[in-house]
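S.K.: Data: work.tsv, TSV, C-alpha atoms.
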chain	number	residue	atom	x	y	z
D	180	TRP	CA	-62.72	-111.48	-152.02
D	181	MET	CA	-59.64	-113.47	-153.03
D	182	ILE	CA	-61.71	-116.68	-153.47
D	183	ARG	CA	-64.21	-114.71	-155.55
D	184	TYR	CA	-61.37	-113.24	-157.61
D	185	LEU	CA	-59.80	-116.62	-158.40
D	186	SER	CA	-63.13	-118.14	-159.37
D	187	GLU	CA	-63.94	-115.24	-161.70
D	188	PHE	CA	-60.47	-115.39	-163.26
D	189	ARG	CA	-60.93	-119.02	-164.17
D	190	PHE	CA	-64.46	-118.91	-165.51
D	191	GLY	CA	-65.03	-115.29	-166.48
D	192	ALA	CA	-61.82	-114.03	-168.05
D	193	ALA	CA	-63.07	-114.21	-171.63
D	194	ARG	CA	-65.93	-111.82	-171.09
D	195	HIS	CA	-63.53	-109.12	-169.84
D	196	VAL	CA	-61.06	-109.30	-172.72
D	197	ASN	CA	-62.42	-106.46	-174.84
D	198	ARG	CA	-63.11	-103.97	-172.06
D	199	THR	CA	-61.49	-100.56	-172.39
D	200	PHE	CA	-60.03	-98.62	-169.48
D	201	ARG	CA	-58.53	-95.67	-171.32
D	202	VAL	CA	-59.26	-92.19	-170.01
D	203	ASP	CA	-59.23	-89.68	-172.87
D	204	SER	CA	-58.61	-86.61	-170.75
D	205	SER	CA	-55.72	-84.28	-171.54
D	206	ARG	CA	-56.39	-82.50	-168.25
D	207	MET	CA	-55.82	-85.72	-166.34
D	208	ARG	CA	-52.68	-86.61	-168.28
D	209	VAL	CA	-51.20	-83.17	-167.59
D	210	ALA	CA	-52.15	-83.41	-163.90
D	211	LEU	CA	-50.50	-86.83	-163.53
D	212	LEU	CA	-47.31	-85.88	-165.38
D	213	GLY	CA	-47.09	-82.55	-163.52
D	214	SER	CA	-47.48	-84.35	-160.18
D	215	ALA	CA	-44.72	-86.82	-161.07
D	216	LEU	CA	-42.38	-84.01	-162.18
D	217	LEU	CA	-43.06	-82.02	-159.00
D	218	CYS	CA	-42.20	-85.04	-156.86
D	219	ALA	CA	-39.06	-85.69	-158.92
D	220	ALA	CA	-37.87	-82.10	-158.44
D	221	MET	CA	-38.45	-82.23	-154.67
D	222	LEU	CA	-36.64	-85.55	-154.35
D	223	LEU	CA	-33.70	-84.40	-156.44
D	224	LEU	CA	-33.35	-81.33	-154.21
D	225	SER	CA	-33.62	-83.48	-151.08
D	226	LEU	CA	-31.03	-85.96	-152.34
D	227	TRP	CA	-28.61	-83.14	-153.07
D	228	LEU	CA	-29.10	-81.34	-149.75
D	229	SER	CA	-28.91	-84.57	-147.74
D	230	GLY	CA	-25.54	-85.55	-149.20
D	231	ALA	CA	-26.91	-88.72	-150.80
D	232	LEU	CA	-25.38	-87.74	-154.16
D	233	THR	CA	-21.97	-86.79	-152.78
D	234	GLU	CA	-21.35	-89.21	-149.89
D	235	SER	CA	-20.50	-92.90	-150.27
D	236	PHE	CA	-23.31	-95.38	-149.73
D	237	LEU	CA	-21.86	-96.76	-146.49
D	238	VAL	CA	-21.33	-93.30	-144.99
D	239	TYR	CA	-24.83	-92.20	-145.96
D	240	PHE	CA	-26.37	-95.45	-144.73
D	241	ALA	CA	-24.62	-95.16	-141.36
D	242	LYS	CA	-25.73	-91.54	-140.97
D	243	LEU	CA	-29.40	-92.50	-141.28
D	244	ARG	CA	-29.68	-96.02	-139.91
D	245	MET	CA	-27.09	-96.01	-137.13
D	246	SER	CA	-27.74	-92.63	-135.58
D	247	GLU	CA	-29.82	-92.72	-132.39
D	248	ASP	CA	-30.75	-89.05	-132.66
D	249	GLU	CA	-33.36	-87.72	-135.06
D	250	ILE	CA	-31.74	-85.51	-137.67
D	251	ASP	CA	-32.90	-82.93	-140.19
D	252	LEU	CA	-31.77	-84.88	-143.21
D	253	THR	CA	-31.78	-82.02	-145.71
D	254	GLY	CA	-31.15	-79.23	-143.23
D	255	SER	CA	-34.77	-78.15	-143.68
D	256	HIS	CA	-37.30	-79.75	-141.35
D	257	SER	CA	-40.18	-78.58	-143.56
D	258	LEU	CA	-38.69	-80.23	-146.65
D	259	ASP	CA	-38.15	-83.48	-144.74
D	260	ILE	CA	-41.79	-83.48	-143.65
D	261	LEU	CA	-43.00	-82.69	-147.16
D	262	THR	CA	-41.14	-85.62	-148.69
D	263	ARG	CA	-42.79	-87.96	-146.17
D	264	VAL	CA	-46.38	-86.69	-146.03
D	265	PHE	CA	-46.75	-85.26	-149.53
D	266	ASN	CA	-44.13	-86.55	-151.95
D	267	PHE	CA	-44.43	-90.26	-151.27
D	268	PRO	CA	-48.28	-90.28	-151.04
D	269	LEU	CA	-48.56	-88.28	-154.28
D	270	SER	CA	-46.18	-90.57	-156.20
D	271	TYR	CA	-48.03	-93.54	-154.73
D	272	THR	CA	-51.39	-92.19	-155.93
D	273	VAL	CA	-50.17	-91.34	-159.43
D	274	ILE	CA	-48.90	-94.90	-159.88
D	275	LEU	CA	-52.34	-96.20	-158.84
D	276	VAL	CA	-54.07	-94.06	-161.46
D	277	VAL	CA	-51.56	-94.95	-164.19
D	278	LEU	CA	-51.79	-98.70	-163.55
D	279	ALA	CA	-55.58	-98.47	-163.67
D	280	ASN	CA	-55.46	-96.88	-167.13
D	281	ASP	CA	-53.82	-97.52	-170.49
D	282	LEU	CA	-50.08	-97.68	-169.75
D	283	ARG	CA	-49.19	-96.80	-173.34
D	284	ARG	CA	-50.42	-93.25	-172.73
D	285	TYR	CA	-48.61	-92.85	-169.42
D	286	LYS	CA	-45.21	-94.47	-169.97
D	287	LEU	CA	-43.20	-91.38	-169.03
D	288	THR	CA	-45.35	-90.71	-165.96
D	289	LEU	CA	-45.02	-94.33	-164.81
D	290	VAL	CA	-41.23	-94.31	-165.23
D	291	LEU	CA	-40.97	-91.03	-163.31
D	292	CYS	CA	-43.07	-92.37	-160.44
D	293	ILE	CA	-41.05	-95.59	-160.19
D	294	VAL	CA	-37.85	-93.52	-160.14
D	295	ASN	CA	-39.45	-91.32	-157.47
D	296	LEU	CA	-40.18	-94.33	-155.24
D	297	LEU	CA	-36.65	-95.64	-155.71
D	298	ALA	CA	-35.23	-92.18	-154.92
D	299	PHE	CA	-37.42	-91.90	-151.82
D	300	SER	CA	-36.26	-95.35	-150.73
D	301	TYR	CA	-32.61	-94.33	-151.07
D	302	LEU	CA	-33.15	-90.90	-149.52
D	303	TRP	CA	-34.58	-92.35	-146.31
D	304	GLN	CA	-32.86	-95.76	-146.55
D	305	VAL	CA	-36.16	-97.63	-146.24
D	306	ASN	CA	-37.48	-100.63	-148.16
D	307	TYR	CA	-41.24	-100.18	-147.85
D	308	PRO	CA	-41.64	-98.19	-151.11
D	309	LEU	CA	-40.19	-101.20	-152.94
D	310	ILE	CA	-42.57	-103.54	-151.08
D	311	HIS	CA	-45.50	-101.31	-152.05
D	312	LEU	CA	-44.37	-101.37	-155.66
D	313	PHE	CA	-44.03	-105.16	-155.56
D	314	TRP	CA	-47.61	-105.64	-154.34
D	315	PHE	CA	-48.88	-103.10	-156.88
D	316	LEU	CA	-47.37	-105.20	-159.65
D	317	ILE	CA	-48.72	-108.44	-158.18
D	318	PHE	CA	-52.31	-107.22	-158.16
D	319	TYR	CA	-51.94	-105.35	-161.46
D	320	TRP	CA	-50.65	-108.62	-162.95
D	321	LEU	CA	-53.75	-110.42	-161.65
D	322	LEU	CA	-56.10	-107.70	-162.88
D	323	GLN	CA	-54.58	-107.77	-166.35
D	324	ALA	CA	-54.88	-111.54	-166.47
D	325	ARG	CA	-58.53	-111.23	-165.47
D	326	ARG	CA	-59.19	-108.67	-168.20
D	327	GLN	CA	-57.22	-110.34	-170.99
D	328	GLY	CA	-57.43	-114.01	-170.08
D	329	ALA	CA	-53.62	-114.40	-169.92
D	330	PHE	CA	-50.69	-113.21	-167.81
D	331	ASP	CA	-48.60	-110.32	-169.15
D	332	ARG	CA	-45.00	-111.45	-169.76
D	333	LYS	CA	-43.52	-107.95	-169.43
D	334	VAL	CA	-45.13	-107.46	-166.03
D	335	THR	CA	-43.98	-110.92	-164.97
D	336	VAL	CA	-40.37	-110.10	-165.86
D	337	THR	CA	-40.63	-106.72	-164.10
D	338	MET	CA	-41.89	-108.39	-160.93
D	339	LEU	CA	-39.03	-110.87	-160.97
D	340	VAL	CA	-36.50	-108.06	-161.39
D	341	LEU	CA	-38.07	-106.08	-158.55
D	342	PHE	CA	-38.09	-109.20	-156.39
D	343	VAL	CA	-34.35	-109.61	-156.95
D	344	VAL	CA	-33.81	-105.93	-156.07
D	345	LEU	CA	-35.78	-106.43	-152.85
D	346	LEU	CA	-33.69	-109.45	-151.94
D	347	ALA	CA	-30.46	-107.57	-152.64
D	348	SER	CA	-31.65	-104.60	-150.59
D	349	ALA	CA	-32.58	-106.84	-147.69
D	350	ALA	CA	-29.32	-108.75	-147.89
D	351	ASN	CA	-27.46	-105.45	-147.59
D	352	ARG	CA	-29.27	-104.64	-144.33
D	353	PHE	CA	-30.00	-108.05	-142.79
D	354	GLY	CA	-27.66	-110.55	-144.47
D	355	GLY	CA	-24.79	-112.49	-142.95
D	356	ASP	CA	-21.18	-113.10	-143.87
D	357	SER	CA	-21.98	-115.62	-146.60
D	358	PHE	CA	-24.53	-116.32	-149.32
D	359	ALA	CA	-26.37	-118.69	-146.97
D	360	GLY	CA	-26.36	-115.98	-144.31
D	361	ASP	CA	-27.76	-113.47	-146.78
D	362	VAL	CA	-30.60	-115.83	-147.74
D	363	ALA	CA	-31.36	-116.62	-144.09
D	364	GLY	CA	-31.37	-112.93	-143.17
D	365	VAL	CA	-33.68	-112.03	-146.06
D	366	PHE	CA	-36.09	-114.86	-145.23
D	367	GLU	CA	-36.21	-113.98	-141.54
D	368	HIS	CA	-36.83	-110.26	-141.99
D	369	TYR	CA	-39.00	-110.15	-145.13
D	370	PHE	CA	-41.05	-113.32	-145.04
D	371	VAL	CA	-41.16	-113.95	-141.30
D	372	GLY	CA	-40.45	-110.59	-139.72
D	373	TYR	CA	-42.39	-108.31	-142.03
D	374	HIS	CA	-45.38	-110.54	-142.76
D	375	LEU	CA	-45.86	-112.77	-139.70
D	376	ILE	CA	-44.38	-111.20	-136.59
D	377	GLY	CA	-47.06	-108.50	-136.55
D	378	PHE	CA	-49.54	-111.13	-135.38
D	379	SER	CA	-47.24	-112.22	-132.55
D	380	PHE	CA	-46.74	-108.57	-131.65
D	381	TYR	CA	-50.54	-108.12	-131.52
D	382	ASP	CA	-50.89	-111.25	-129.36
D	383	HIS	CA	-48.25	-109.91	-126.96
D	384	GLN	CA	-50.14	-106.63	-126.61
D	385	TYR	CA	-53.50	-108.39	-126.28
D	386	LEU	CA	-52.25	-110.48	-123.34
D	387	ASP	CA	-50.88	-107.39	-121.59
D	388	PRO	CA	-53.74	-105.77	-119.61
D	389	ASN	CA	-51.76	-102.53	-119.37
D	390	SER	CA	-51.24	-102.23	-123.13
D	391	ILE	CA	-52.55	-99.19	-124.96
D	392	LEU	CA	-54.38	-101.70	-127.17
D	393	HIS	CA	-57.10	-101.91	-124.50
D	394	VAL	CA	-57.62	-98.14	-124.41
D	395	HIS	CA	-60.17	-97.84	-127.21
D	396	THR	CA	-60.17	-94.94	-129.67
D	397	PHE	CA	-63.63	-95.44	-131.26
D	398	GLY	CA	-62.61	-94.95	-134.88
D	399	ARG	CA	-59.79	-92.44	-134.46
D	400	SER	CA	-57.07	-95.03	-135.12
D	401	SER	CA	-58.61	-95.90	-138.48
D	402	LEU	CA	-58.91	-92.23	-139.42
D	403	GLY	CA	-55.12	-92.14	-139.33
D	404	PHE	CA	-53.75	-89.14	-141.20
D	405	LEU	CA	-57.12	-87.32	-141.06
D	406	ASP	CA	-56.91	-87.48	-137.27
D	407	ARG	CA	-53.40	-86.01	-137.49
D	408	VAL	CA	-54.79	-83.05	-139.42
D	409	LEU	CA	-57.28	-82.55	-136.58
D	410	GLN	CA	-54.37	-82.58	-134.11
D	411	ALA	CA	-52.51	-79.97	-136.14
D	412	MET	CA	-55.60	-77.74	-136.16
D	413	ALA	CA	-56.06	-78.18	-132.39
D	414	ASN	CA	-52.41	-77.35	-131.73
D	415	MET	CA	-52.74	-74.13	-133.75
D	416	VAL	CA	-55.30	-72.85	-131.24
D	417	GLY	CA	-53.39	-74.07	-128.20
D	418	GLY	CA	-55.10	-77.44	-127.75
D	419	ASP	CA	-53.28	-80.56	-126.51
D	420	TYR	CA	-55.18	-83.08	-128.61
D	421	GLN	CA	-53.10	-86.05	-129.82
D	422	ALA	CA	-53.96	-88.20	-132.83
D	423	ALA	CA	-54.56	-91.87	-132.03
D	424	SER	CA	-52.28	-93.00	-134.86
D	425	LEU	CA	-49.38	-91.03	-133.37
D	426	GLU	CA	-50.11	-92.57	-129.97
D	427	ASN	CA	-49.95	-96.01	-131.56
D	428	THR	CA	-46.72	-95.22	-133.39
D	429	ALA	CA	-45.01	-93.90	-130.26
D	430	TYR	CA	-46.17	-96.84	-128.16
D	431	ASN	CA	-45.23	-99.49	-130.72
D	432	SER	CA	-41.77	-97.96	-131.18
D	433	ASP	CA	-40.72	-99.56	-127.89
D	434	ALA	CA	-39.33	-102.99	-128.73
D	435	VAL	CA	-40.82	-106.04	-127.00
D	436	ASP	CA	-39.49	-109.57	-126.69
D	437	ILE	CA	-41.68	-112.00	-128.62
D	438	GLY	CA	-39.15	-114.84	-128.85
D	439	LEU	CA	-40.08	-118.32	-127.63
D	440	HIS	CA	-36.71	-119.85	-126.79
D	441	GLU	CA	-34.50	-116.83	-127.37
D	442	VAL	CA	-34.75	-113.06	-127.12
D	443	LYS	CA	-36.28	-111.49	-130.24
D	444	GLN	CA	-36.85	-107.76	-129.93
D	445	PHE	CA	-39.26	-106.22	-132.42
D	446	ASN	CA	-41.12	-102.92	-132.65
D	447	ALA	CA	-43.26	-100.78	-135.00
D	448	PHE	CA	-45.56	-103.67	-135.97
D	449	GLY	CA	-48.93	-102.17	-135.05
D	450	THR	CA	-50.71	-103.91	-138.00
D	451	LEU	CA	-54.23	-103.40	-139.29
D	452	LEU	CA	-55.47	-105.85	-136.67
D	453	PHE	CA	-54.04	-103.69	-133.88
D	454	GLY	CA	-55.79	-100.55	-135.14
D	455	LEU	CA	-59.18	-102.21	-135.68
D	456	TYR	CA	-59.15	-103.80	-132.22
D	457	ARG	CA	-58.10	-100.57	-130.55
D	458	ASP	CA	-60.98	-98.77	-132.25
D	459	PHE	CA	-63.91	-101.01	-131.36
D	460	TYR	CA	-62.66	-104.07	-129.49
D	461	VAL	CA	-63.57	-107.41	-131.16
D	462	PHE	CA	-66.39	-105.67	-133.05
D	463	GLY	CA	-63.77	-103.52	-134.77
D	464	ILE	CA	-62.01	-106.60	-136.13
D	465	VAL	CA	-65.25	-108.30	-137.24
D	466	LEU	CA	-67.10	-105.29	-138.65
D	467	GLY	CA	-63.98	-103.45	-139.85
D	468	GLY	CA	-62.63	-106.54	-141.57
D	469	PHE	CA	-66.01	-107.20	-143.19
D	470	ALA	CA	-66.31	-103.60	-144.41
D	471	TYR	CA	-62.75	-103.62	-145.79
D	472	GLY	CA	-63.37	-106.89	-147.59
D	473	ALA	CA	-66.73	-105.70	-148.93
D	474	PHE	CA	-65.24	-102.50	-150.41
D	475	THR	CA	-62.35	-104.49	-151.91
D	476	THR	CA	-64.75	-106.99	-153.49
D	477	LEU	CA	-66.94	-104.18	-154.84
D	478	ALA	CA	-63.91	-102.44	-156.33
D	479	LEU	CA	-62.76	-105.71	-157.90
D	480	HIS	CA	-66.20	-106.38	-159.42
D	481	ARG	CA	-66.46	-102.86	-160.90
D	482	SER	CA	-62.82	-102.73	-162.01
D	483	THR	CA	-63.92	-104.24	-165.34
D	484	ARG	CA	-65.98	-101.14	-166.10
D	485	ASN	CA	-64.20	-98.16	-164.56
D	486	TRP	CA	-60.55	-97.15	-164.05
D	487	PHE	CA	-61.45	-95.53	-160.69
D	488	TYR	CA	-62.45	-98.89	-159.22
D	489	SER	CA	-59.35	-100.54	-160.69
D	490	ALA	CA	-57.20	-98.00	-158.85
D	491	LEU	CA	-59.26	-98.41	-155.68
D	492	PHE	CA	-58.86	-102.18	-155.83
D	493	LEU	CA	-55.09	-101.87	-156.24
D	494	LEU	CA	-55.00	-99.54	-153.23
D	495	LEU	CA	-57.15	-101.72	-150.96
D	496	ALA	CA	-55.60	-105.03	-151.97
D	497	SER	CA	-51.97	-103.89	-151.63
D	498	SER	CA	-52.75	-102.04	-148.39
D	499	TRP	CA	-54.28	-105.22	-146.98
D	500	MET	CA	-51.00	-107.04	-147.57
D	501	MET	CA	-49.04	-104.14	-146.06
D	502	GLY	CA	-51.45	-104.27	-143.12
D	503	MET	CA	-49.65	-107.39	-141.89
D	504	MET	CA	-46.66	-105.14	-141.24
D	505	VAL	CA	-48.00	-101.67	-140.34
D	506	ASN	CA	-51.59	-100.43	-140.22
D	507	PRO	CA	-52.14	-98.73	-143.62
D	508	LEU	CA	-55.11	-96.74	-142.32
D	509	GLU	CA	-52.75	-94.86	-140.01
D	510	GLN	CA	-50.30	-93.93	-142.77
D	511	PRO	CA	-50.47	-90.62	-144.70
D	512	TYR	CA	-50.47	-92.33	-148.11
D	513	PHE	CA	-53.76	-94.23	-147.61
D	514	TRP	CA	-56.26	-91.44	-147.01
D	515	PHE	CA	-54.25	-89.12	-149.26
D	516	ALA	CA	-54.67	-91.66	-152.07
D	517	VAL	CA	-58.41	-92.11	-151.41
D	518	ILE	CA	-59.04	-88.35	-151.56
D	519	ALA	CA	-56.73	-87.86	-154.57
D	520	LEU	CA	-58.47	-90.64	-156.52
D	521	PHE	CA	-61.76	-88.81	-156.12
D	522	ILE	CA	-60.10	-85.58	-157.30
D	523	PHE	CA	-58.62	-87.24	-160.41
D	524	SER	CA	-61.98	-88.89	-161.06
D	525	ALA	CA	-63.68	-85.49	-160.81
D	526	LEU	CA	-61.28	-84.09	-163.44
D	527	VAL	CA	-62.33	-86.82	-165.85
D	528	HIS	CA	-66.05	-86.49	-165.01
D	529	ARG	CA	-66.04	-82.72	-165.60
D	530	LYS	CA	-64.45	-83.31	-169.00
D	531	LYS	CA	-67.16	-85.81	-169.93
D	532	VAL	CA	-69.95	-83.50	-168.73
D	533	ALA	CA	-68.51	-80.61	-170.76
D	534	ARG	CA	-68.34	-82.78	-173.89
D	535	ALA	CA	-71.92	-83.96	-173.40
D	536	SER	CA	-73.13	-80.37	-172.99
D	537	LEU	CA	-71.36	-79.28	-176.19
D	538	THR	CA	-72.85	-82.26	-178.06
D	539	ARG	CA	-76.38	-81.40	-176.96
D	540	ALA	CA	-75.87	-77.71	-177.77
D	541	SER	CA	-74.74	-78.56	-181.29
D	542	GLY	CA	-77.68	-80.85	-181.82
D	543	ALA	CA	-75.47	-83.82	-182.66
D	544	PRO	CA	-76.43	-87.23	-181.28
D	545	SER	CA	-74.42	-88.16	-178.20
D	546	ALA	CA	-72.09	-91.15	-178.37
Would you kindly transcribe this structure into structure tokens?

M.R.:
Amino acid sequence: WMIRYLSEFRFGAARHVNRTFRVDSSRMRVALLGSALLCAAMLLLSLWLSGALTESFLVYFAKLRMSEDEIDLTGSHSLDILTRVFNFPLSYTVILVVLANDLRRYKLTLVLCIVNLLAFSYLWQVNYPLIHLFWFLIFYWLLQARRQGAFDRKVTVTMLVLFVVLLASAANRFGGDSFAGDVAGVFEHYFVGYHLIGFSFYDHQYLDPNSILHVHTFGRSSLGFLDRVLQAMANMVGGDYQAASLENTAYNSDAVDIGLHEVKQFNAFGTLLFGLYRDFYVFGIVLGGFAYGAFTTLALHRSTRNWFYSALFLLLASSWMMGMMVNPLEQPYFWFAVIALFIFSALVHRKKVARASLTRASGAPSA
């Protein structure tokens, strides 16, 4: 789909210049802004209860990243779970919808969602929300260039700023005692560790006959969060069913040595490849990869006509890049976003149907 995209950008940009992607739905605008405000309120409460707003950065960082025991960050286990499985996925989805539409109508909502992702990143001391945001902007930048025939300077500057923030964040966690050490640490963990080591991790598991990778799950790994909902329902009635994605997470949390000439311990790099293979062996990689690519290409092709497909393309394309680190299909945000996109689309469709019905009832010609 990437080769197709580049070829269409070069030869077909002009015919997409005058397309419109605006969604004239007050119901949708209220739903998006309300979702962003709800997430902001929850995160502000979580930041206050966790001590993030009162403790120094180093003290707070050490409490989260250097503690071997799992802690209730806010003092409320339910609130901690909600910020992970509801707050982040909802903010993630709202950004998708906003980027797929006319940004001029959703400036406040977009700013709130970006602040929400930054707040979530600080709350849990994790970098992946920033990486998600970076890939969103990359593919949004490409989509805009495809529609307008030129690259947007504002988005370009924003991406560069975010890139610098990512580097600074990584240097804080992985850097050395000098500028050269900072650069080396960032390169090793972001460019090598995050994007390449997942394949070595998969190879290590593939060569191990006792690995859980060879215990096939027949689609349950790719169902991810939906399979976790099934586990929760089973546990409510006394069942001992365990979701495949949680099995993968627990298994991959044990670090393995994948170094060639020196010890290099890495964990939590299940990757999209790992999940597809565990589902259906080699056929999972071939057929699953083909299906993923086909849906992404379809969404790209239809993104010139419908905001829904623009949002779907941003989701699939950015998730594919994240899939080199951790399997996106196993994460709560992916299936949450897919379902939420259909819900937001239904809000717009109902508005259009209602308008068409009123037009026909009044006897006026429909637009």

S.K.: So that I can check the surroundings of range 453-467 of chain D, please list as a list in words every protein, DNA and RNA residue that reaches within 7 Å of it, counting all atoms listed in the file and ignoring chain neighbours fewer than 4 positions away.

M.R.: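 Result of the neighbour search: Tyr381, Leu392, His393, Val394, His395, Thr396, Phe397, Gly398, Arg399, Ser400, Ser401, Gly449, Tyr471 and Asn506 of chain D.
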
S.K.: May I ask for the distance between CA of Lys242 in chain D and CA of Ala298 in chain D, given in Å to one decimal place?

M.R.: 16.9 Å

S.K.: Enter the distance from CA of Leu228 in chain D to CA of Ser270 in chain D, in Å, rounded to one decimal.

M.R.: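 These two atoms are separated by 20.5 Å.
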
S.K.: By how many Å are CA of Gln421 in chain D and CA of Val408 in chain D apart?

M.R.: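 These two atoms are separated by 10.2 Å.
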
S.K.: Report as a PDB file with C-alpha atoms, keeping the file's coordinate frame all protein, DNA and RNA residues lying within 12 Å of Ser229 in chain D, evaluated on all atoms listed in the file, omitting residues in the same chain fewer than 3 positions from it.

M.R.:
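The resulting file, result-v8.pdb, is reproduced below:
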ATOM      1  CA  LEU D 222     -36.640 -85.550-154.350  1.00  0.00           C
ATOM      2  CA  LEU D 223     -33.700 -84.400-156.440  1.00  0.00           C
ATOM      3  CA  LEU D 224     -33.350 -81.330-154.210  1.00  0.00           C
ATOM      4  CA  SER D 225     -33.620 -83.480-151.080  1.00  0.00           C
ATOM      5  CA  LEU D 226     -31.030 -85.960-152.340  1.00  0.00           C
ATOM      6  CA  LEU D 232     -25.380 -87.740-154.160  1.00  0.00           C
ATOM      7  CA  THR D 233     -21.970 -86.790-152.780  1.00  0.00           C
ATOM      8  CA  GLU D 234     -21.350 -89.210-149.890  1.00  0.00           C
ATOM      9  CA  VAL D 238     -21.330 -93.300-144.990  1.00  0.00           C
ATOM     10  CA  TYR D 239     -24.830 -92.200-145.960  1.00  0.00           C
ATOM     11  CA  PHE D 240     -26.370 -95.450-144.730  1.00  0.00           C
ATOM     12  CA  LYS D 242     -25.730 -91.540-140.970  1.00  0.00           C
ATOM     13  CA  LEU D 243     -29.400 -92.500-141.280  1.00  0.00           C
ATOM     14  CA  ILE D 250     -31.740 -85.510-137.670  1.00  0.00           C
ATOM     15  CA  ASP D 251     -32.900 -82.930-140.190  1.00  0.00           C
ATOM     16  CA  LEU D 252     -31.770 -84.880-143.210  1.00  0.00           C
ATOM     17  CA  THR D 253     -31.780 -82.020-145.710  1.00  0.00           C
ATOM     18  CA  GLY D 254     -31.150 -79.230-143.230  1.00  0.00           C
ATOM     19  CA  SER D 255     -34.770 -78.150-143.680  1.00  0.00           C
ATOM     20  CA  HIS D 256     -37.300 -79.750-141.350  1.00  0.00           C
ATOM     21  CA  LEU D 258     -38.690 -80.230-146.650  1.00  0.00           C
ATOM     22  CA  ASP D 259     -38.150 -83.480-144.740  1.00  0.00           C
ATOM     23  CA  PHE D 299     -37.420 -91.900-151.820  1.00  0.00           C
ATOM     24  CA  TYR D 301     -32.610 -94.330-151.070  1.00  0.00           C
ATOM     25  CA  LEU D 302     -33.150 -90.900-149.520  1.00  0.00           C
ATOM     26  CA  TRP D 303     -34.580 -92.350-146.310  1.00  0.00           C
ATOM     27  CA  GLN D 304     -32.860 -95.760-146.550  1.00  0.00           C
TER      28      GLN D 304
END

S.K.: For each of D:Ala241, D:Ala470, D:Leu297, D:Val276, take the minimum atom-to-atom distance to Leu493 in chain D, counting all atoms listed in the file, then give the residue where this is smallest.

M.R.: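 The answer is D:Val276, which sits nearest to Leu493 in chain D.
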